[in-house]
Amino acid sequence: MKRRDFVRNSALGTVGTLLIPHFLKAYETHSLTGGPSAGKTLVIVQLSGGNDGLNTVVPFRNDIYYRERPTIGIAPDKVLKLNDEIGFNPALEALKGLYDDGLVTVVNNVGYPNPDRSHFRSMDIWQTASDSDKYLTTGWLGRYLDANCHGSDCVAHRAIEVDDTLSLALKGQELNGLALLDPKKLYNQTRSGLVTELAHLKPDARLAAANPNISYLYKTLAETASSAEFIYDKSKVNRSQTVYPASELGNRLKTVSELITSGVNTNVYYISISGFDTHINQPGQQERLLRQYAEAVAAFTKDLKSTGKLNDVLLMTFSEFGRRVKQNASNGTDHGTANNLFLIGGGLTPGKVFNEAPNLTNLDEGNLKYSVDFRSIYATLLRDWLKVDDVAVLGRKFETLSFV
């Protein structure tokens with residue numbers, strides 16, 4: 001295929017248009033092996049839809065909770081107690097075992113000032129680490145890449161989202177993470193005739209000068225194809241012997257574990273699972289999702305322990321907001337504000353309930369008030385776990401917390 005024919009037929013000459021498969025989300029690289037890292041890995045699990053925190057970490061001693069949730073409240077005798085005030089939903093039995101082993105920290109009342117109860121807007125705020133009245137086009141992990149990726153340390157798999165598309169969280173000003181659902185699938189896609197031929201073409205000087213996007217596209221194609229081959233080869237080094245649940249999260253965490261133990265130089269993995277927007281008939285749906293979550297995380301933790309990686313991997317779980325305290329007329333809950341957040345790993349100091357239980361007597365129009373800014377969590381993860389400059393990534397100083 002001649003270059004001019006491809007450009008003419010695909011309309012790639014249009015400025016800013018990349019009419020290529022959406023899995024090609026790599027950024028410019030100079031070396032596949034990458035430079036040294038802090039030796040720590042951060043895994044983020046996003047519970048999309050707004051998980052109900054009050055039925056996840058249950059204030060079983062609080063009469064207001066049961067008054068406001070007469071049909072969906074978790075009975076005290078079913079709660080898996082963490083202390084004298086709160087406990088896990090019984091669907092989190094597998095997570096309770098990890099908590100008892102000191103591997104789980106629960107942070108209550110996490111949120112931000114002037115909260116937004118729109119799914120899309122609140123998720124943008126969490127993914128960009130912006131104020132609620134600011135609109136950013138880069139994600140906090142994308143800016144982590146921008147600030148800490150230089151020369152040979154820039155590899156297309158430094159940050160991986162285990163999905164076919166890339167979230168805003170991993171998009172930087174100069175660099176993006178890599179969206180990869182399955183190493184073999186990505187490898188096979190980059191071996192297609194079209195991509196292979198394009199990856200070996202180079203635009204002439206006149207074409208590159210007239211449209212820099214064309215030159216960048218060819219470079220990105222070549223580097224993505226190389227990165228896909230590298231990851232696929234590495235992923236075959238260590239196949240997990242741990243039995244994972246046959247769920248979406250189970251499969252994705254298994255992929256992450258195999259990449260970690262195979263020596264792929266990735267500092268951040270990002271996973272999203274959906275279904276937590278429980279306006280109608282919440283109990284059955286949420287319990288099913290929480291059980292899948294807990295069992296997948298328990299398998300992942302067991303896998304890491306068996307390979308000696310548990311102390312080097314920290315998993316954070318969050319949702320874009322919690323739910324209102326009062327249940328609705330449909331046996332569900334509506335969009336709320338502050339929520340709880342889980343940190344799981346062998347490097348916690350030690351795992352525990354980090355702070356006070358939600359205050360149900362002091363609400364903001366029926367919603368929980370936050371006491372921990374989520375960006376303090378981010379700042380702690382950046383500075384104390386990944387060992388990078390948190391201010392350079394977040395744009396200003398936030399209080400760091402003592403969980404690692």
# chains A, B, ... in the order shown; residues from 1 in each chain; ligands from 1

$ residues_around --residues "region 359-364 of chain A" --least-positions-apart "4" --cutoff "9 Å" --atoms "only C-alpha atoms" --output "PyMOL selection string"
chain A and resi 62+64-65+109+325+368-369

$ closest_atom_pairs --of "region 259-333 of chain A" --to "region 125-128 of chain A" --cutoff "10 Å" --atoms "only C-alpha atoms" --output "JSON lines"
{"residue": "A:Phe318", "atom": "CA", "partner": "A:Trp126", "partner_atom": "CA", "distance": 9.3}
{"residue": "A:Ser319", "atom": "CA", "partner": "A:Trp126", "partner_atom": "CA", "distance": 8.8}
{"residue": "A:Glu320", "atom": "CA", "partner": "A:Trp126", "partner_atom": "CA", "distance": 6.6}
{"residue": "A:Phe321", "atom": "CA", "partner": "A:Trp126", "partner_atom": "CA", "distance": 9.3}

$ write_last_selection --atoms "N, CA and C atoms" --output "mmCIF file, in the first residue's frame"
data_model
loop_
_atom_site.group_PDB
_atom_site.id
_atom_site.type_symbol
_atom_site.label_atom_id
_atom_site.label_comp_id
_atom_site.auth_asym_id
_atom_site.auth_seq_id
_atom_site.Cartn_x
_atom_site.Cartn_y
_atom_site.Cartn_z
ATOM 1 N N PHE A 318 -12.182 2.722 44.894
ATOM 2 C CA PHE A 318 -12.995 3.917 45.136
ATOM 3 C C PHE A 318 -14.221 3.897 44.232
ATOM 4 N N SER A 319 -15.171 4.756 44.539
ATOM 5 C CA SER A 319 -16.322 5.004 43.686
ATOM 6 C C SER A 319 -16.523 6.505 43.607
ATOM 7 N N GLU A 320 -17.170 6.988 42.547
ATOM 8 C CA GLU A 320 -17.207 8.436 42.308
ATOM 9 C C GLU A 320 -18.013 9.201 43.349
ATOM 10 N N PHE A 321 -18.948 8.554 43.991
ATOM 11 C CA PHE A 321 -19.657 9.120 45.140
ATOM 12 C C PHE A 321 -20.392 7.994 45.858
#

$ atom_distance --atom1 "CA of Leu310 (chain A)" --atom2 "CA of Gly39 (chain A)"
12.1 Å

$ residues_around --residues "Leu290 (chain A)" --least-positions-apart "2" --cutoff "8 Å" --atoms "only C-alpha atoms" --output "list in words"
Thr56, Ala91, Leu92, Gln286, Glu287, Arg288, Gln292, Tyr293 and Ala294 of chain A

$ write_last_selection --atoms "N, CA, C and O atoms" --output "PDB file, in the first residue's frame"
ATOM      1  N   THR A  56     -21.986  -0.914  52.515  1.00  0.00           N
ATOM      2  CA  THR A  56     -20.728  -1.627  52.312  1.00  0.00           C
ATOM      3  C   THR A  56     -19.974  -1.716  53.632  1.00  0.00           C
ATOM      4  O   THR A  56     -19.564  -2.796  54.057  1.00  0.00           O
ATOM      5  N   ALA A  91     -21.553  -9.813  52.306  1.00  0.00           N
ATOM      6  CA  ALA A  91     -21.034 -10.238  51.002  1.00  0.00           C
ATOM      7  C   ALA A  91     -19.522 -10.053  50.912  1.00  0.00           C
ATOM      8  O   ALA A  91     -18.880 -10.614  50.022  1.00  0.00           O
ATOM      9  N   LEU A  92     -18.941  -9.287  51.843  1.00  0.00           N
ATOM     10  CA  LEU A  92     -17.501  -9.029  51.832  1.00  0.00           C
ATOM     11  C   LEU A  92     -16.735  -9.988  52.751  1.00  0.00           C
ATOM     12  O   LEU A  92     -15.679  -9.651  53.270  1.00  0.00           O
ATOM     13  N   GLN A 286     -26.300  -5.150  44.766  1.00  0.00           N
ATOM     14  CA  GLN A 286     -25.067  -4.730  45.418  1.00  0.00           C
ATOM     15  C   GLN A 286     -24.350  -5.901  46.079  1.00  0.00           C
ATOM     16  O   GLN A 286     -23.125  -6.014  45.994  1.00  0.00           O
ATOM     17  N   GLU A 287     -25.092  -6.770  46.708  1.00  0.00           N
ATOM     18  CA  GLU A 287     -24.462  -7.916  47.361  1.00  0.00           C
ATOM     19  C   GLU A 287     -23.742  -8.802  46.353  1.00  0.00           C
ATOM     20  O   GLU A 287     -22.645  -9.299  46.617  1.00  0.00           O
ATOM     21  N   ARG A 288     -24.346  -9.002  45.193  1.00  0.00           N
ATOM     22  CA  ARG A 288     -23.693  -9.804  44.152  1.00  0.00           C
ATOM     23  C   ARG A 288     -22.393  -9.150  43.699  1.00  0.00           C
ATOM     24  O   ARG A 288     -21.353  -9.818  43.577  1.00  0.00           O
ATOM     25  N   GLN A 292     -18.479 -10.514  44.308  1.00  0.00           N
ATOM     26  CA  GLN A 292     -17.541 -10.685  43.194  1.00  0.00           C
ATOM     27  C   GLN A 292     -16.262  -9.891  43.435  1.00  0.00           C
ATOM     28  O   GLN A 292     -15.157 -10.393  43.189  1.00  0.00           O
ATOM     29  N   TYR A 293     -16.428  -8.672  43.919  1.00  0.00           N
ATOM     30  CA  TYR A 293     -15.270  -7.825  44.211  1.00  0.00           C
ATOM     31  C   TYR A 293     -14.381  -8.473  45.275  1.00  0.00           C
ATOM     32  O   TYR A 293     -13.167  -8.619  45.089  1.00  0.00           O
ATOM     33  N   ALA A 294     -14.971  -8.866  46.395  1.00  0.00           N
ATOM     34  CA  ALA A 294     -14.192  -9.404  47.510  1.00  0.00           C
ATOM     35  C   ALA A 294     -13.482 -10.690  47.122  1.00  0.00           C
ATOM     36  O   ALA A 294     -12.310 -10.898  47.467  1.00  0.00           O
TER      37      ALA A 294
END

$ residues_around --residues "Lys302 (chain A)" --least-positions-apart "3" --cutoff "12 Å" --atoms "only C-alpha atoms" --output "list in words"
Ala94, Leu95, Gly97, Leu98, Asp101, Leu103, Ser240, Gln241, Thr242, Val243, Tyr244, Leu253, Lys254, Ser257, Glu295, Ala296, Val297, Ala298, Ala299, Lys305, Ser306, Thr307, Gly308, Lys309, Leu310, Asn311, Ile344, Gly345 and Gly346 of chain A

$ select_by_dssp --residues "region 182-403 of chain A" --states "alpha helix (DSSP H)" --output "PyMOL selection string"
chain A and resi 183-190+193-199+205-210+212-235+248-261+282-306+374-380+390-394

$ write_last_selection --atoms "C-alpha atoms" --output "compact mmCIF listing (two decimals), in the first residue's frame"
# COMPACT_ATOMS: atom_id res chain seq x y z
CA PRO A 183 -1.96 -9.14 25.98
CA LYS A 184 -2.62 -11.75 23.29
CA LYS A 185 -5.55 -9.82 21.86
CA LEU A 186 -3.52 -6.61 21.61
CA TYR A 187 -0.61 -8.50 20.05
CA ASN A 188 -2.88 -10.10 17.43
CA GLN A 189 -4.49 -6.74 16.63
CA THR A 190 -1.13 -5.11 16.04
CA GLY A 193 -1.76 -6.41 7.74
CA LEU A 194 -2.82 -2.77 7.86
CA VAL A 195 -1.16 -1.95 11.18
CA THR A 196 2.01 -3.90 10.36
CA GLU A 197 2.44 -2.13 7.05
CA LEU A 198 1.75 1.28 8.55
CA ALA A 199 4.17 0.63 11.40
CA ALA A 205 9.57 15.35 5.14
CA ARG A 206 6.98 17.38 3.27
CA LEU A 207 4.07 15.38 4.65
CA ALA A 208 5.47 15.53 8.19
CA ALA A 209 6.01 19.28 7.96
CA ALA A 210 2.52 19.88 6.63
CA PRO A 212 2.85 16.70 12.38
CA ASN A 213 -0.03 14.46 13.44
CA ILE A 214 0.73 12.12 10.54
CA SER A 215 4.35 11.72 11.63
CA TYR A 216 3.26 11.15 15.22
CA LEU A 217 0.71 8.57 14.09
CA TYR A 218 3.28 6.45 12.28
CA LYS A 219 5.63 6.65 15.26
CA THR A 220 2.85 5.69 17.68
CA LEU A 221 1.82 2.75 15.53
CA ALA A 222 5.37 1.41 15.44
CA GLU A 223 5.89 1.82 19.17
CA THR A 224 2.52 0.32 20.08
CA ALA A 225 3.22 -2.71 17.93
CA SER A 226 6.61 -3.16 19.60
CA SER A 227 5.16 -2.66 23.07
CA ALA A 228 2.38 -5.16 22.37
CA GLU A 229 4.91 -7.77 21.34
CA PHE A 230 7.02 -7.11 24.45
CA ILE A 231 4.05 -7.37 26.82
CA TYR A 232 2.73 -10.49 25.12
CA ASP A 233 6.11 -12.20 25.36
CA LYS A 234 6.49 -11.15 29.00
CA SER A 235 2.97 -12.24 29.91
CA GLU A 248 -14.86 -9.61 34.93
CA LEU A 249 -12.81 -8.32 37.85
CA GLY A 250 -11.35 -11.75 38.54
CA ASN A 251 -10.12 -12.05 34.95
CA ARG A 252 -8.66 -8.55 34.94
CA LEU A 253 -6.86 -8.92 38.24
CA LYS A 254 -5.42 -12.21 37.03
CA THR A 255 -4.02 -10.38 34.00
CA VAL A 256 -2.50 -7.74 36.30
CA SER A 257 -0.94 -10.39 38.54
CA GLU A 258 0.62 -12.22 35.60
CA LEU A 259 2.09 -8.99 34.23
CA ILE A 260 3.48 -8.05 37.65
CA THR A 261 5.10 -11.42 38.26
CA GLN A 282 -30.43 -2.46 45.66
CA PRO A 283 -29.76 -5.32 48.11
CA GLY A 284 -29.47 -8.24 45.69
CA GLN A 285 -27.54 -6.33 43.05
CA GLN A 286 -25.07 -4.73 45.42
CA GLU A 287 -24.46 -7.92 47.36
CA ARG A 288 -23.69 -9.80 44.15
CA LEU A 289 -21.24 -7.13 43.02
CA LEU A 290 -19.57 -6.84 46.43
CA ARG A 291 -19.14 -10.60 46.65
CA GLN A 292 -17.54 -10.68 43.19
CA TYR A 293 -15.27 -7.82 44.21
CA ALA A 294 -14.19 -9.40 47.51
CA GLU A 295 -13.55 -12.84 46.04
CA ALA A 296 -11.52 -11.42 43.14
CA VAL A 297 -9.41 -9.25 45.45
CA ALA A 298 -8.87 -12.17 47.83
CA ALA A 299 -7.61 -14.34 44.95
CA PHE A 300 -5.37 -11.51 43.74
CA THR A 301 -3.90 -11.06 47.22
CA LYS A 302 -3.33 -14.80 47.60
CA ASP A 303 -1.60 -14.84 44.21
CA LEU A 304 0.71 -11.95 45.12
CA LYS A 305 1.58 -13.58 48.43
CA SER A 306 2.51 -16.83 46.70
CA PHE A 374 -9.60 12.25 48.17
CA ARG A 375 -6.59 14.18 46.91
CA SER A 376 -4.91 13.57 50.27
CA ILE A 377 -5.18 9.86 49.41
CA TYR A 378 -3.63 10.55 46.00
CA ALA A 379 -0.87 12.69 47.52
CA THR A 380 0.02 9.91 49.95
CA ASP A 390 2.94 14.79 44.60
CA VAL A 391 2.79 18.58 44.18
CA ALA A 392 4.12 18.34 40.62
CA VAL A 393 1.28 15.95 39.79
CA LEU A 394 -1.61 17.46 41.78

$ closest_residue --among "A:Val237, A:Leu80, A:Leu145, A:Ile271" --to "Leu180 (chain A)" --atoms "only C-alpha atoms"
A:Ile271

$ select_by_dssp --residues "region 59-216 of chain A" --states "strand (DSSP E)" --output "compact mmCIF listing (two decimals) with N, CA and C atoms, in the first residue's frame"
# COMPACT_ATOMS: atom_id res chain seq x y z
N LEU A 80 -20.32 -8.10 59.40
CA LEU A 80 -19.00 -8.63 59.76
C LEU A 80 -18.23 -7.53 60.47
N LYS A 81 -18.23 -7.56 61.77
CA LYS A 81 -17.82 -6.41 62.57
C LYS A 81 -16.32 -6.14 62.49
N GLY A 87 -19.02 -2.37 60.43
CA GLY A 87 -18.60 -3.67 59.95
C GLY A 87 -18.91 -3.83 58.48
N PHE A 88 -18.35 -4.87 57.88
CA PHE A 88 -18.55 -5.12 56.45
C PHE A 88 -19.92 -5.74 56.17
N VAL A 104 -6.00 -4.73 55.03
CA VAL A 104 -7.01 -3.80 54.53
C VAL A 104 -7.11 -2.58 55.45
N THR A 105 -7.07 -1.40 54.85
CA THR A 105 -7.36 -0.16 55.58
C THR A 105 -8.64 0.44 55.00
N VAL A 106 -9.57 0.77 55.88
CA VAL A 106 -10.83 1.40 55.49
C VAL A 106 -10.75 2.88 55.83
N VAL A 107 -10.93 3.73 54.83
CA VAL A 107 -10.95 5.18 55.06
C VAL A 107 -12.38 5.65 54.85
N ASN A 108 -12.99 6.22 55.88
CA ASN A 108 -14.37 6.70 55.82
C ASN A 108 -14.43 8.16 55.41
N ASN A 109 -15.61 8.56 54.94
CA ASN A 109 -15.93 9.98 54.71
C ASN A 109 -14.99 10.65 53.71
N VAL A 110 -14.70 9.96 52.63
CA VAL A 110 -13.81 10.51 51.61
C VAL A 110 -14.65 11.26 50.56
N GLY A 111 -14.20 12.45 50.22
CA GLY A 111 -14.93 13.24 49.24
C GLY A 111 -14.16 14.49 48.87
N ALA A 159 2.03 2.76 32.50
CA ALA A 159 0.72 2.78 33.15
C ALA A 159 -0.26 2.07 32.22
N ILE A 160 -0.95 1.06 32.73
CA ILE A 160 -1.83 0.24 31.90
C ILE A 160 -3.24 0.26 32.47
N GLU A 161 -4.22 0.51 31.61
CA GLU A 161 -5.61 0.30 31.97
C GLU A 161 -6.04 -1.02 31.36
N LEU A 178 -1.51 3.09 28.48
CA LEU A 178 -1.83 2.12 27.43
C LEU A 178 -3.06 1.33 27.83
N ALA A 179 -4.08 1.29 26.95
CA ALA A 179 -5.26 0.48 27.20
C ALA A 179 -5.03 -0.91 26.64

$ closest_residue --among "A:Ile74, A:Leu382, A:Cys149, A:Val162" --to "Ile273 (chain A)" --atoms "only C-alpha atoms"
A:Val162

$ atom_distance --atom1 "CA of Leu341 (chain A)" --atom2 "CA of Thr400 (chain A)"
15.4 Å

$ atom_distance --atom1 "CA of Lys236 (chain A)" --atom2 "CA of Val268 (chain A)"
19.9 Å

$ residues_around --residues "Arg117 (chain A)" --least-positions-apart "6" --cutoff "7 Å" --atoms "only C-alpha atoms" --output "VMD selection string"
chain A and resid 335 to 337

$ write_last_selection --atoms "C-alpha atoms" --output "mmCIF file, in the first residue's frame"
data_model
loop_
_atom_site.group_PDB
_atom_site.id
_atom_site.type_symbol
_atom_site.label_atom_id
_atom_site.label_comp_id
_atom_site.auth_asym_id
_atom_site.auth_seq_id
_atom_site.Cartn_x
_atom_site.Cartn_y
_atom_site.Cartn_z
ATOM 1 C CA HIS A 335 -26.814 9.684 44.374
ATOM 2 C CA GLY A 336 -25.003 10.998 47.417
ATOM 3 C CA THR A 337 -21.619 12.473 48.255
#

$ residues_around --residues "Ala169 (chain A)" --least-positions-apart "2" --cutoff "9 Å" --atoms "only C-alpha atoms" --output "list in words"
Asp124, Trp126, Gln127, Thr128, Ala129, Thr138, Gly139, Trp140, Leu141, Gly142, Arg143, Leu166, Ser167, Lys171, Gly172 and Tyr270 of chain A

$ write_last_selection --atoms "C-alpha atoms" --output "PDB file, in the first residue's frame"
ATOM      1  CA  ASP A 124     -14.085  13.545  36.022  1.00  0.00           C
ATOM      2  CA  TRP A 126     -11.906  12.024  40.804  1.00  0.00           C
ATOM      3  CA  GLN A 127      -9.979  11.136  37.660  1.00  0.00           C
ATOM      4  CA  THR A 128      -8.445  14.585  37.150  1.00  0.00           C
ATOM      5  CA  ALA A 129      -8.075  15.489  40.863  1.00  0.00           C
ATOM      6  CA  THR A 138      -5.556  15.655  31.911  1.00  0.00           C
ATOM      7  CA  GLY A 139      -5.867  12.895  34.498  1.00  0.00           C
ATOM      8  CA  TRP A 140      -3.862  12.649  37.709  1.00  0.00           C
ATOM      9  CA  LEU A 141      -2.095   9.493  36.524  1.00  0.00           C
ATOM     10  CA  GLY A 142      -1.475  11.027  33.116  1.00  0.00           C
ATOM     11  CA  ARG A 143       0.232  13.933  34.865  1.00  0.00           C
ATOM     12  CA  LEU A 166      -8.385   4.593  28.092  1.00  0.00           C
ATOM     13  CA  SER A 167      -9.942   6.588  30.936  1.00  0.00           C
ATOM     14  CA  LYS A 171      -4.328  10.805  29.885  1.00  0.00           C
ATOM     15  CA  GLY A 172      -1.548  13.352  30.258  1.00  0.00           C
ATOM     16  CA  TYR A 270      -6.276   0.735  36.395  1.00  0.00           C
TER      17      TYR A 270
END
